[in-house]
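Quick notes on the structure that follows.
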Amino acid sequence: MNARPEALMPHIGVITDVRLDTPDIKTFRVVTPDGKKAFDHMPGQCAMLSIPGVGEAMFSITSSPTNTEYMEFSIKKCGCVTEWLHQAEVGQQITIRGPYGKAFPVDTEFAGKNLLFIAGGVALAPLRSVINYVRHYKDRYGKIDIVYGARSKEDLLQYKEIMEEWVHDEGVTVHLTIDREQPEWDGHVGFVPNYVKELGFDTDKTVILCGPPIMIKFTLAGLTELGFEKKQVYTTLELKMKCAIGKCGRCNVGSKYVCKDGPVFRLDELDELPNEY
């Protein structure tokens with residue numbers, strides 16, 4: 001997939017809202033100077049955010065395409081660009097360009113299916129766009145299950161939205177877990193892969209999985225024990241994207257470029273690639 005020429009042109013973006021979601025993750029709301037959404041996107045696509053004189057980086061667009069007023073990005077502080085962004089305040093201008101990458105097949109392969117979302121920590125960020133898209137068009141899908149875990153209650157991304165919106169949706173079941181017990185938590189305690197096995201899902205679902213590599217490895221093992229096949233599981237490798245247009249070679253894995261052939265892949269497609277992914 002080649003980027004459209006207009007996707008290479010940066011827009012001026014204005015940060016209109018900043019909220020602290022976890023101790024090291026902030027969510028930024030961005031519009032153009034005239035108060036509009038910079039461009040349209042589909043769930044799973046990414047955008048390049050740039051701070052002139054500081055640097056640029058690729059981030060998942062965490063807001064749903066059904067939101068026509070603005071885009072949001074949930075960003076973990078973990079480097080030069082993210083450190084600077086975490087210091088930004090409302091009114092700060094940045095540049096934004098995109099969208100980049102292949103989206104999740106929400107209107108084709110996912111249509112009419114029961115969906116199982118599994119995420120760990122900040123990995124909920126790229127799945128939030130998909131979840132809110134299918135919530136908006138619930139009549140197009142079957143039952144929706146969401147399994148999400150983090151180190152602690154404070155590390156659960158978008159916790160307010162989950163508790164005030166997702167858990168109240170008809171046809172949507174949310175399963176939250178944290179790694180270790182804490183006094184103010186009366187929910188499930190344990191790691192995501194084990195929780196998935198405990199829940200014992202039927203295999204009549206399409207799985208959308210995102211998290212740290214070790215979590216994905218053990219979750220896949222658990223799904224296999226339950227009878228799921230890799231062709232039922234989708235994931236995103238957007239963290240490997242760098243230039244987003246297939247020029248720098250940083251995301252090359254075997255015969256694929258993550259930015260041009262992904263970042264969304266079905267797990268059986270990844271089996272054809274070297275183990276370096």
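Naming scheme: A, B, ... for chains in displayed order of the structure tokens; residues 1 onward per chain; ligands 1 onward as shown.
Every protein, DNA or RNA residue with an atom at most 10 Å from region 183-188 of chain A, where only C-alpha atoms count and chain neighbours fewer than 4 positions away do not, is listed here: Gly149, Ser152, Lys153, His175, Leu176, Thr177, Ile178, Asp179 and Tyr195 of chain A.
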I'd like a table as a tab-separated table: residues in region 4-23 of chain A with an atom no more than 12 Å from region 63-70 of chain A, each row giving the shortest atom pair and its distance in Å to one decimal, only C-alpha atoms counted, sorted by chain and rising residue number.
residue	atom	partner	partner_atom	distance
A:Gly13	CA	A:Tyr70	CA	10.2
A:Val14	CA	A:Tyr70	CA	10.2
A:Ile15	CA	A:Tyr70	CA	10.0
A:Thr16	CA	A:Tyr70	CA	9.3
A:Asp17	CA	A:Tyr70	CA	10.4
Residue subset to file, keeping C-alpha atoms, as a CSV table (one decimal), in the first residue's frame:
chain,number,residue,atom,x,y,z
A,13,GLY,CA,-2.2,20.7,14.4
A,14,VAL,CA,-3.3,22.4,17.5
A,15,ILE,CA,-3.5,20.5,20.8
A,16,THR,CA,-6.9,21.4,22.3
A,17,ASP,CA,-7.0,18.9,25.2
For this session: Please provide as an MDAnalysis selection string all residues within 6 Å of Asn114 (chain A), with the sequence filter that same-chain residues fewer than 5 positions apart are discarded (counting only C-alpha atoms).
Result: chainID A and resid 142:144 205
Using only C-alpha atoms, tabulate the residues of region 112-225 of chain A lying at most 8 Å from any atom of region 22-42 of chain A, each with its closest atom pair and that distance in Å to one decimal, by chain and increasing residue number, as a Markdown table.
| residue | atom | partner | partner_atom | distance |
| --- | --- | --- | --- | --- |
| A:Val122 | CA | A:Ile25 | CA | 7.8 |
| A:Glu154 | CA | A:Thr22 | CA | 5.8 |
| A:Asp155 | CA | A:Thr22 | CA | 5.1 |
| A:Leu156 | CA | A:Thr22 | CA | 6.8 |
| A:Leu157 | CA | A:Thr22 | CA | 6.3 |
For this session: Quick one: pick out all strand (DSSP E or B) residues within region 91-215 of chain A from a backbone DSSP run and write them as JSON, numbers by chain.
Result: {"A": [93, 94, 95, 96, 97, 98, 99, 100, 102, 114, 115, 116, 117, 118, 119, 120, 144, 145, 146, 147, 148, 149, 150, 172, 173, 174, 175, 176, 177, 178, 188, 189, 205, 206, 207, 208, 209, 210]}
For this session: Between CA of Ile216 (chain A) and CA of Asp107 (chain A), measure the distance and give it in Å to one decimal.
Result: 24.8 Å
